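This is target.txt (compact mmCIF, C-alpha atoms).
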```txt
# COMPACT_ATOMS: atom_id res chain seq x y z
CA MET A 1084 106.09 140.49 -21.00
CA SER A 1085 102.79 142.26 -20.28
CA GLU A 1086 99.82 140.34 -18.95
CA VAL A 1087 98.06 140.91 -22.26
CA ASP A 1088 100.91 139.13 -24.09
CA ALA A 1089 101.44 136.41 -21.49
CA PRO A 1090 100.22 132.92 -22.43
CA GLU A 1091 97.20 131.38 -20.74
CA ILE A 1092 97.90 129.36 -17.60
CA GLY A 1093 96.93 125.69 -17.90
CA ILE A 1094 95.38 124.58 -14.62
CA GLY A 1095 94.83 121.11 -13.21
CA ILE A 1096 92.60 120.40 -10.23
CA ILE A 1097 93.55 117.85 -7.60
CA ALA A 1098 90.48 116.22 -5.96
CA SER A 1099 86.96 116.39 -7.33
CA GLY A 1100 84.60 117.12 -4.44
CA TYR A 1101 82.69 120.25 -3.43
CA MET A 1102 85.68 122.58 -3.70
CA GLY A 1103 87.13 120.88 -6.77
CA ARG A 1104 83.90 121.63 -8.62
CA THR A 1105 83.92 125.15 -7.19
CA TYR A 1106 87.26 125.99 -8.80
CA ALA A 1107 86.40 124.19 -12.02
CA GLU A 1108 83.33 126.41 -12.34
CA CYS A 1109 85.34 129.56 -11.55
CA ILE A 1110 88.01 128.85 -14.17
CA ALA A 1111 85.65 127.56 -16.84
CA ARG A 1112 83.11 130.38 -16.59
CA TYR A 1113 84.61 133.45 -14.96
CA ASN A 1114 88.41 133.63 -14.73
CA THR A 1115 90.53 135.05 -17.52
CA GLY A 1116 94.08 134.26 -18.60
CA ALA A 1117 93.75 130.57 -17.72
CA ARG A 1118 92.19 127.39 -19.04
CA LEU A 1119 91.04 124.27 -17.26
CA VAL A 1120 93.04 121.25 -18.44
CA ALA A 1121 92.55 118.17 -16.26
CA VAL A 1122 91.44 116.76 -12.92
CA ALA A 1123 92.76 113.88 -10.81
CA GLY A 1124 91.73 112.36 -7.51
CA GLY A 1125 88.47 111.17 -5.98
CA SER A 1126 85.57 109.06 -7.22
CA ARG A 1127 83.87 112.11 -8.74
CA ALA A 1128 86.78 113.01 -11.05
CA PRO A 1129 85.36 111.29 -14.18
CA GLY A 1130 82.03 113.09 -13.75
CA LEU A 1131 83.70 116.44 -13.15
CA ALA A 1132 85.90 115.96 -16.20
CA ALA A 1133 82.92 115.08 -18.35
CA ASP A 1134 80.96 118.10 -17.17
CA TYR A 1135 83.75 120.50 -18.09
CA GLY A 1136 85.15 118.74 -21.15
CA ILE A 1137 88.59 118.11 -19.64
CA ALA A 1138 90.79 115.08 -19.03
CA ALA A 1139 90.42 112.81 -16.00
CA GLU A 1140 93.88 111.57 -15.09
CA PRO A 1141 94.32 108.28 -13.19
CA SER A 1142 96.67 109.78 -10.59
CA VAL A 1143 98.02 113.05 -9.25
CA GLU A 1144 101.42 112.19 -10.70
CA ALA A 1145 99.89 111.71 -14.15
CA LEU A 1146 98.26 115.13 -13.80
CA VAL A 1147 101.43 116.99 -12.83
CA ARG A 1148 103.43 115.24 -15.56
CA ARG A 1149 101.23 116.86 -18.22
CA PRO A 1150 103.17 119.52 -20.15
CA ASP A 1151 99.99 121.59 -20.64
CA VAL A 1152 99.46 121.93 -16.87
CA ASP A 1153 101.30 124.99 -15.54
CA ALA A 1154 99.65 125.15 -12.11
CA VAL A 1155 97.49 123.03 -9.84
CA ILE A 1156 94.73 123.85 -7.39
CA ILE A 1157 94.79 121.35 -4.53
CA THR A 1158 91.38 120.71 -2.93
CA SER A 1159 92.04 117.37 -1.24
CA PRO A 1160 91.84 116.79 2.53
CA GLN A 1161 94.61 118.70 4.31
CA SER A 1162 96.52 115.55 5.30
CA ALA A 1163 97.37 115.12 1.60
CA HIS A 1164 98.42 118.73 0.91
CA ALA A 1165 102.11 118.43 1.74
CA GLU A 1166 102.85 115.38 -0.40
CA GLN A 1167 100.81 116.68 -3.33
CA THR A 1168 102.45 120.12 -3.18
CA VAL A 1169 105.95 118.65 -3.07
CA LEU A 1170 105.11 116.38 -6.01
CA ALA A 1171 103.68 119.27 -8.05
CA ALA A 1172 106.71 121.46 -7.31
CA ARG A 1173 109.08 118.67 -8.37
CA PHE A 1174 107.42 118.70 -11.80
CA GLY A 1175 107.62 122.49 -12.02
CA LYS A 1176 103.97 123.29 -11.32
CA HIS A 1177 102.81 126.36 -9.41
CA VAL A 1178 100.49 125.57 -6.48
CA LEU A 1179 97.33 127.10 -5.09
CA VAL A 1180 96.35 124.98 -2.09
CA GLU A 1181 93.18 124.95 -0.04
CA LYS A 1182 93.25 125.96 3.60
CA PRO A 1183 94.36 124.77 6.04
CA MET A 1184 97.69 124.70 4.25
CA ALA A 1185 98.63 121.42 5.98
CA THR A 1186 98.15 119.60 9.27
CA SER A 1187 101.37 120.88 10.89
CA THR A 1188 103.93 123.64 10.62
CA SER A 1189 106.59 121.11 9.67
CA GLU A 1190 104.51 120.08 6.65
CA CYS A 1191 103.95 123.74 5.74
CA ARG A 1192 107.70 124.37 5.78
CA ARG A 1193 108.29 121.33 3.54
CA MET A 1194 105.84 122.80 1.05
CA ILE A 1195 107.47 126.23 1.13
CA ASP A 1196 110.97 124.75 0.78
CA ALA A 1197 109.96 122.50 -2.13
CA CYS A 1198 108.35 125.34 -4.07
CA ARG A 1199 111.33 127.59 -3.42
CA GLU A 1200 113.78 124.87 -4.49
CA HIS A 1201 111.95 124.26 -7.75
CA GLU A 1202 111.26 127.97 -8.36
CA VAL A 1203 107.48 127.74 -8.49
CA LYS A 1204 104.90 129.96 -6.81
CA LEU A 1205 102.93 128.81 -3.77
CA SER A 1206 99.69 130.39 -2.58
CA VAL A 1207 97.06 129.40 -0.01
CA ILE A 1208 93.32 129.89 -0.40
CA LYS A 1209 91.95 132.45 2.08
CA PRO A 1210 88.44 133.43 0.92
CA TRP A 1211 87.67 135.78 3.82
CA ARG A 1212 90.22 138.18 2.34
CA TYR A 1213 87.95 138.38 -0.72
CA ARG A 1214 84.36 138.30 0.59
CA GLY A 1215 82.39 141.51 0.10
CA SER A 1216 81.90 142.56 3.73
CA THR A 1217 85.26 141.44 5.10
CA ARG A 1218 87.20 142.83 2.14
CA ARG A 1219 85.56 146.21 2.66
CA LEU A 1220 86.38 146.08 6.36
CA TYR A 1221 90.06 145.64 5.50
CA GLU A 1222 89.96 148.42 2.91
CA SER A 1223 88.30 150.75 5.41
CA ILE A 1224 91.20 150.19 7.80
CA GLN A 1225 93.73 150.75 5.00
CA HIS A 1226 92.04 154.06 4.15
CA GLY A 1227 92.28 155.23 7.77
CA GLU A 1228 88.54 155.50 8.26
CA ILE A 1229 88.69 154.46 11.94
CA GLY A 1230 92.22 155.61 12.77
CA ASP A 1231 94.56 153.10 14.38
CA VAL A 1232 93.21 149.60 15.02
CA ARG A 1233 93.15 148.81 18.74
CA MET A 1234 90.90 145.80 19.34
CA LEU A 1235 89.36 142.98 17.26
CA THR A 1236 86.85 140.28 17.99
CA LEU A 1237 85.70 137.47 15.73
CA TRP A 1238 82.80 135.05 16.28
CA TRP A 1239 82.35 131.79 14.34
CA LEU A 1240 79.34 130.17 16.01
CA TYR A 1241 77.14 127.34 14.74
CA PRO A 1242 74.73 124.87 16.41
CA ARG A 1243 76.24 121.85 14.63
CA LEU A 1244 78.93 120.69 12.21
CA PRO A 1245 78.04 121.54 8.57
CA PHE A 1246 80.12 119.04 6.63
CA ILE A 1247 78.90 119.79 3.08
CA GLY A 1248 80.28 116.49 1.81
CA LYS A 1249 83.39 116.62 4.03
CA ASP A 1250 82.89 113.29 5.82
CA TRP A 1251 86.69 113.00 6.13
CA PHE A 1252 86.50 116.00 8.47
CA ARG A 1253 85.66 113.61 11.33
CA ASP A 1254 89.05 111.89 11.05
CA PRO A 1255 91.38 113.23 13.78
CA LYS A 1256 94.34 113.11 11.38
CA GLU A 1257 92.73 116.05 9.50
CA GLY A 1258 93.12 118.31 12.55
CA GLY A 1259 89.47 118.82 13.44
CA LEU A 1260 87.48 122.01 13.79
CA PHE A 1261 90.20 124.13 15.36
CA LEU A 1262 92.54 123.57 12.40
CA ASP A 1263 89.85 123.71 9.71
CA ALA A 1264 88.02 126.84 10.92
CA GLY A 1265 90.88 128.26 12.98
CA SER A 1266 93.06 128.53 9.87
CA HIS A 1267 90.38 130.83 8.43
CA CYS A 1268 90.00 132.86 11.59
CA PHE A 1269 93.64 133.35 12.59
CA ASP A 1270 94.55 134.40 9.06
CA PHE A 1271 91.72 136.95 9.11
CA LEU A 1272 92.80 138.37 12.48
CA ARG A 1273 96.47 138.82 11.54
CA TRP A 1274 95.42 140.26 8.16
CA VAL A 1275 93.15 142.84 9.80
CA ALA A 1276 95.59 143.59 12.64
CA ARG A 1277 98.30 144.06 9.98
CA ALA A 1278 100.88 142.57 12.33
CA GLU A 1279 102.11 139.22 13.59
CA ALA A 1280 100.68 137.69 16.76
CA THR A 1281 103.18 137.67 19.65
CA ARG A 1282 101.21 135.95 22.42
CA LEU A 1283 98.24 133.56 22.51
CA TYR A 1284 96.10 132.00 25.22
CA ALA A 1285 93.50 129.40 24.23
CA GLN A 1286 90.96 127.13 25.87
CA ILE A 1287 89.67 124.19 23.82
CA ALA A 1288 86.79 121.87 24.69
CA ASN A 1289 84.30 119.33 23.39
CA TYR A 1290 81.26 119.76 25.60
CA ASN A 1291 79.21 117.11 23.79
CA ARG A 1292 81.80 114.47 24.72
CA ASP A 1293 81.02 112.42 21.62
CA GLY A 1294 84.57 111.31 20.98
CA GLU A 1295 85.23 113.66 18.08
CA THR A 1296 87.86 116.37 17.91
CA PRO A 1297 87.23 119.55 19.96
CA ARG A 1298 84.35 121.70 18.79
CA SER A 1299 84.68 124.86 20.92
CA THR A 1300 87.54 127.28 21.49
CA MET A 1301 88.13 130.69 23.00
CA THR A 1302 91.42 132.43 22.22
CA MET A 1303 92.98 135.73 23.29
CA LEU A 1304 95.80 137.22 21.20
CA SER A 1305 98.31 140.06 21.37
CA PHE A 1306 99.89 141.46 18.21
CA ALA A 1307 103.26 143.12 17.70
CA ASN A 1308 101.68 146.54 17.08
CA GLY A 1309 99.66 146.51 20.31
CA VAL A 1310 96.38 145.26 18.83
CA MET A 1311 94.37 142.96 21.11
CA ALA A 1312 92.05 140.29 19.69
CA THR A 1313 89.69 137.51 20.70
CA LEU A 1314 88.34 134.54 18.76
CA TRP A 1315 85.23 132.63 19.83
CA LEU A 1316 84.74 129.54 17.68
CA SER A 1317 82.16 126.85 18.33
CA TYR A 1318 79.91 124.28 16.70
CA GLU A 1319 78.11 123.62 19.98
CA VAL A 1320 75.81 126.65 20.38
CA PRO A 1321 72.25 125.41 21.07
CA SER A 1322 69.46 126.64 18.82
CA PRO A 1323 68.26 129.28 18.30
CA GLY A 1324 71.74 130.78 18.88
CA TRP A 1325 72.23 134.39 17.77
CA GLU A 1326 71.74 136.04 14.43
CA HIS A 1327 74.72 136.86 12.23
CA THR A 1328 77.41 135.12 14.30
CA ASP A 1329 78.49 132.59 11.64
CA PHE A 1330 81.37 134.95 10.77
CA ARG A 1331 81.05 138.23 12.64
CA ALA A 1332 83.97 140.62 13.08
CA ARG A 1333 84.05 143.83 15.09
CA VAL A 1334 86.95 146.27 15.08
CA VAL A 1335 87.61 149.14 17.48
CA GLY A 1336 89.77 151.94 16.14
CA SER A 1337 91.03 155.19 17.62
CA THR A 1338 88.36 157.26 15.83
CA GLY A 1339 85.61 154.78 14.91
CA ASN A 1340 84.35 151.22 14.80
CA LEU A 1341 83.65 148.57 12.17
CA ASP A 1342 81.14 145.71 12.18
CA ALA A 1343 81.13 143.07 9.44
CA HIS A 1344 78.95 140.01 9.02
CA GLY A 1345 80.71 137.83 6.49
CA TYR A 1346 77.40 136.79 4.95
CA GLY A 1347 75.63 140.12 5.41
CA ALA A 1348 76.24 143.78 6.13
CA PHE A 1349 79.39 145.82 6.64
CA GLN A 1350 78.89 148.89 8.81
CA LEU A 1351 81.04 151.88 9.74
CA GLY A 1352 80.42 153.61 13.06
CA ARG A 1353 81.67 157.16 13.60
CA GLY A 1354 80.35 159.99 15.76
CA ASP A 1355 76.87 158.99 16.92
CA THR A 1356 75.76 156.91 13.93
CA TRP A 1357 76.29 153.66 12.10
CA GLU A 1358 76.32 153.65 8.30
CA THR A 1359 75.77 150.51 6.22
CA ILE A 1360 78.47 150.54 3.54
CA TYR A 1361 77.78 147.18 1.91
CA GLU A 1362 75.19 144.42 2.07
CA GLN A 1363 76.14 140.91 0.96
CA PRO A 1364 73.40 139.39 -1.22
CA PRO A 1365 72.02 136.15 0.28
CA MET A 1366 73.83 132.96 -0.66
CA ASP A 1367 72.90 129.30 -0.31
CA TYR A 1368 76.20 127.42 -0.21
CA VAL A 1369 74.46 124.09 0.44
CA ASN A 1370 71.69 123.98 -2.18
CA ARG A 1371 72.99 126.49 -4.76
CA PRO A 1372 76.78 126.44 -4.37
CA MET A 1373 77.53 127.35 -7.99
CA ASP A 1374 75.62 130.64 -7.91
CA PHE A 1375 77.96 133.54 -8.62
CA VAL A 1376 77.11 135.19 -5.30
CA ARG A 1377 78.99 132.35 -3.56
CA LEU A 1378 81.65 131.93 -6.23
CA GLU A 1379 82.62 135.62 -6.41
CA ALA A 1380 85.23 135.51 -3.64
CA PHE A 1381 86.80 132.36 -5.12
CA VAL A 1382 86.81 133.86 -8.61
CA ASP A 1383 88.64 136.96 -7.34
CA MET A 1384 91.13 134.89 -5.37
CA VAL A 1385 91.92 132.56 -8.29
CA GLN A 1386 92.21 135.57 -10.59
CA ASP A 1387 94.80 137.11 -8.27
CA PHE A 1388 96.77 133.85 -8.45
CA ILE A 1389 96.52 133.67 -12.25
CA ASP A 1390 97.53 137.32 -12.65
CA ALA A 1391 100.53 136.85 -10.35
CA LEU A 1392 101.76 133.89 -12.42
CA ARG A 1393 101.34 135.77 -15.70
CA ASP A 1394 103.09 138.85 -14.25
CA GLY A 1395 105.93 136.80 -12.73
CA ARG A 1396 105.31 138.11 -9.18
CA GLU A 1397 104.44 136.60 -5.83
CA PRO A 1398 100.74 135.86 -5.23
CA PRO A 1399 98.98 138.15 -2.69
CA VAL A 1400 98.56 135.27 -0.21
CA THR A 1401 101.83 133.41 0.32
CA GLY A 1402 102.91 130.11 1.76
CA GLU A 1403 104.20 132.03 4.77
CA ASP A 1404 100.66 133.31 5.36
CA GLY A 1405 99.37 129.75 5.37
CA LEU A 1406 102.16 128.67 7.71
CA ALA A 1407 101.40 131.50 10.16
CA ALA A 1408 97.76 130.41 10.52
CA VAL A 1409 98.70 126.77 11.17
CA ALA A 1410 101.36 127.88 13.68
CA MET A 1411 98.70 129.80 15.61
CA VAL A 1412 96.47 126.71 15.73
CA GLU A 1413 99.37 124.60 17.02
CA ALA A 1414 100.10 127.25 19.66
CA GLY A 1415 96.44 127.18 20.65
CA TYR A 1416 96.57 123.42 21.24
CA ARG A 1417 99.75 123.83 23.32
CA SER A 1418 98.28 126.70 25.31
CA SER A 1419 95.13 124.75 26.15
CA ALA A 1420 97.09 121.66 27.16
CA LEU A 1421 99.45 123.64 29.42
CA GLY A 1422 96.82 126.06 30.73
CA GLN A 1423 99.03 129.04 30.00
CA ALA A 1424 99.78 131.68 27.39
CA ILE A 1425 102.25 130.86 24.60
CA ASP A 1426 104.81 133.31 23.25
CA LEU A 1427 104.88 133.21 19.44
CA THR A 1428 108.07 135.20 18.87
```
Please rewrite the model in this file as C-alpha cells.
Amino acid sequence: MSEVDAPEIGIGIIASGYMGRTYAECIARYNTGARLVAVAGGSRAPGLAADYGIAAEPSVEALVRRPDVDAVIITSPQSAHAEQTVLAARFGKHVLVEKPMATSTSECRRMIDACREHEVKLSVIKPWRYRGSTRRLYESIQHGEIGDVRMLTLWWLYPRLPFIGKDWFRDPKEGGLFLDAGSHCFDFLRWVARAEATRLYAQIANYNRDGETPRSTMTMLSFANGVMATLWLSYEVPSPGWEHTDFRARVVGSTGNLDAHGYGAFQLGRGDTWETIYEQPPMDYVNRPMDFVRLEAFVDMVQDFIDALRDGREPPVTGEDGLAAVAMVEAGYRSSALGQAIDLT
C-alpha cells in the first residue's frame, strides 16, 4: 500500500505538560497522515483535550484500549516510560517516547522486547537530529564536505537549571541532569561520529553542593572508527558565561571543519575561510513555545515516525538508539565512581 493510500494514524498523547502540548500542536496543525485522538495523564489533560477538541481519558490504560488509537507519544517523566511503553505495546500500539528513553538500560531493553514481541514500532525522540544547524552539520559530513571525521566536541553550558515546568526533574529517581541532557548529547555524538562508542571516561560533580543530582560533567570518548570526542555539560557556569555554548558542536575533518550552534549559525570552514551555510531564526522556547520556529524540529521528527508507520518500515530513530544513549550515561556514572575509563564493547 502506498503512503497516499494508507489510512491516517490515530495518535494518543500520554501526559499533558509542556511536551504533551508541543506534540498536540504539531499533529493538529502541521503533520500529515495522522489525527490527534485523545490524551491521558496529568492535571492538565482536560484543558489540553478541550483546546484540541479531543477526548481526555481517565487513565493510560483507557487511552491504549481505544480502537481508534494506533500509536502513542509518551511525554511523561522518564521513570514512567518503561511501564507505559510495555502497556501500549500489549494493546498493539506503536510508541514514540520522549528522551531519555528510560532511567536504565534494563528498562530500555524491556521496552524493546515488548514492542518486538507485540510487533509494534518503537522510536525515541531525538530533536537534535532535526534542528536546522545540527541537521545540516550531519548532512555536510554525509556529503563528504570535510572528508573523514576525526574529532568532535560538544558544549552544553548554562548558568542554572531551566526547568520549563519540569519540577519532577529534581527527583533523583528521574536520573538528573546527566541522564536528561546526556541522552541528548551522547546520541548526537554517536550520530555525528557514525559509529558506536568503544571507550568512555567521565568526571561528574555538583560544585554547588545543594543536595541535588550532579550538575556538571566532562566526558572523553573513543569511537570504533577512530573518532575522538569530548562532551562538556554543565548547569553551573557563572554569568555571564560564553555566547552560543547552550548547544555548540565543532567537528574536525581531514579536509575541513564544521561549527554549529544549535540555536544559531552553522558554518563550514575550508581553506582559509569560514562560510555561514545556515542561520537558525531566533526562538523563545519559554515565552513562545508554540511558534513554528521551535516546533519545526518536532514536526519533522513526528512526521518521520508517521511516515514510517504508514510505509510499514522502521522509524529513523530506533529503540536501540535510545538504549545506546542511556548505556553511555550509565557508563559515565560508573567511570566517575571508579575514576577510570570504561570499555563499552
For Asp1263 (chain A), list every protein, DNA or RNA residue within 9 Å, evaluated using all atoms listed in the file, and leave out those in the same chain fewer than 4 positions away; present the list as a PyMOL selection string. chain A and resi 1161+1182-1183+1252+1257-1259+1267
Per residue of region 1255-1297 of chain A within 12 Å of region 1328-1348 of chain A, which atom pair is closest and at what distance in Å (one decimal), using only C-alpha atoms, listed by chain and increasing number, as CSV?
```
residue,atom,partner,partner_atom,distance
A:Ala1264,CA,A:Phe1330,CA,10.5
A:Gly1265,CA,A:Phe1330,CA,11.8
A:His1267,CA,A:Phe1330,CA,10.2
A:Cys1268,CA,A:Phe1330,CA,8.9
A:Phe1271,CA,A:Ala1332,CA,9.4
A:Leu1272,CA,A:Ala1332,CA,9.1
A:Val1275,CA,A:Val1334,CA,8.8
A:Ala1276,CA,A:Val1334,CA,9.4
```
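The interatomic distance for the pair CA of Cys1109 (chain A) and CA of Tyr1213 (chain A) works out to 14.2 Å.
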From the list A:Arg1417, A:Arg1298, A:Arg1393, A:Arg1112, the nearest residue to Glu1091 (chain A) using only C-alpha atoms is A:Arg1393
Cut-off 12 Å around (105.0, 131.6, -13.9) with only C-alpha atoms: residues as number ranges by chain: A: 1084, 1086, 1089-1094, 1117, 1152-1154, 1175-1178, 1201-1205, 1388-1398
How many Å lie between CA of Ile1097 (chain A) and CA of Ala1123 (chain A), rounded to one decimal? 5.2 Å
Taking (93.2, 126.1, 24.7) as a centre in this file's frame and 6 Å as the limit, can you find every polymer residue with an atom that close, using all atoms listed in the file, and give them as JSON, numbers by chain? {"A": [1285, 1286, 1287, 1415, 1416, 1418, 1419]}
Would you mind telling me which residue in A:Cys1191, A:Ile1208, A:Val1412, A:Ala1098 lies nearest to Pro1160 (chain A) when using all atoms listed in the file? A:Ala1098
Hey, which of A:Val1409, A:Leu1421, A:Lys1256, A:Gln1350 ends up closest to Thr1188 (chain A)? Count only C-alpha atoms. A:Val1409
Neighbour list for Val1376 (chain A) as a VMD selection string, cut-off 7 Å, all atoms listed in the file, skip fewer than 3 positions in-chain: chain A and resid 1364 1366 1379
Pick the closest to Gly1402 (chain A) from A:Ile1110, A:Val1207, A:Ala1145, A:Val1382: which is it, counting all atoms listed in the file? A:Val1207
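Near Asn1291 (chain A), within 12 Å and counting all atoms listed in the file, sit Pro1242, Arg1243, Ala1288, Gly1294, Glu1295, Thr1296, Pro1297, Arg1298, Ser1299, Ser1317, Tyr1318, Glu1319, Val1320 and Pro1321 of chain A, not including residues fewer than 3 positions from it in the same chain.
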Just the selected residues (C-alpha atoms), exported as a PDB file, keeping the file's coordinate frame, please.
```pdb
ATOM      1  CA  PRO A1242      74.730 124.870  16.410  1.00  0.00           C
ATOM      2  CA  ARG A1243      76.240 121.850  14.630  1.00  0.00           C
ATOM      3  CA  ALA A1288      86.790 121.870  24.690  1.00  0.00           C
ATOM      4  CA  GLY A1294      84.570 111.310  20.980  1.00  0.00           C
ATOM      5  CA  GLU A1295      85.230 113.660  18.080  1.00  0.00           C
ATOM      6  CA  THR A1296      87.860 116.370  17.910  1.00  0.00           C
ATOM      7  CA  PRO A1297      87.230 119.550  19.960  1.00  0.00           C
ATOM      8  CA  ARG A1298      84.350 121.700  18.790  1.00  0.00           C
ATOM      9  CA  SER A1299      84.680 124.860  20.920  1.00  0.00           C
ATOM     10  CA  SER A1317      82.160 126.850  18.330  1.00  0.00           C
ATOM     11  CA  TYR A1318      79.910 124.280  16.700  1.00  0.00           C
ATOM     12  CA  GLU A1319      78.110 123.620  19.980  1.00  0.00           C
ATOM     13  CA  VAL A1320      75.810 126.650  20.380  1.00  0.00           C
ATOM     14  CA  PRO A1321      72.250 125.410  21.070  1.00  0.00           C
TER      15      PRO A1321
END
```
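Using all atoms listed in the file, the shortest contact distance between Thr1281 (chain A) and any of A:Leu1406, A:Ala1197, A:Ile1229, A:Ile1425 is found at A:Ile1425.
Picture a line from CA of Met1234 (chain A) to CA of Pro1323 (chain A); it runs 28.0 Å.
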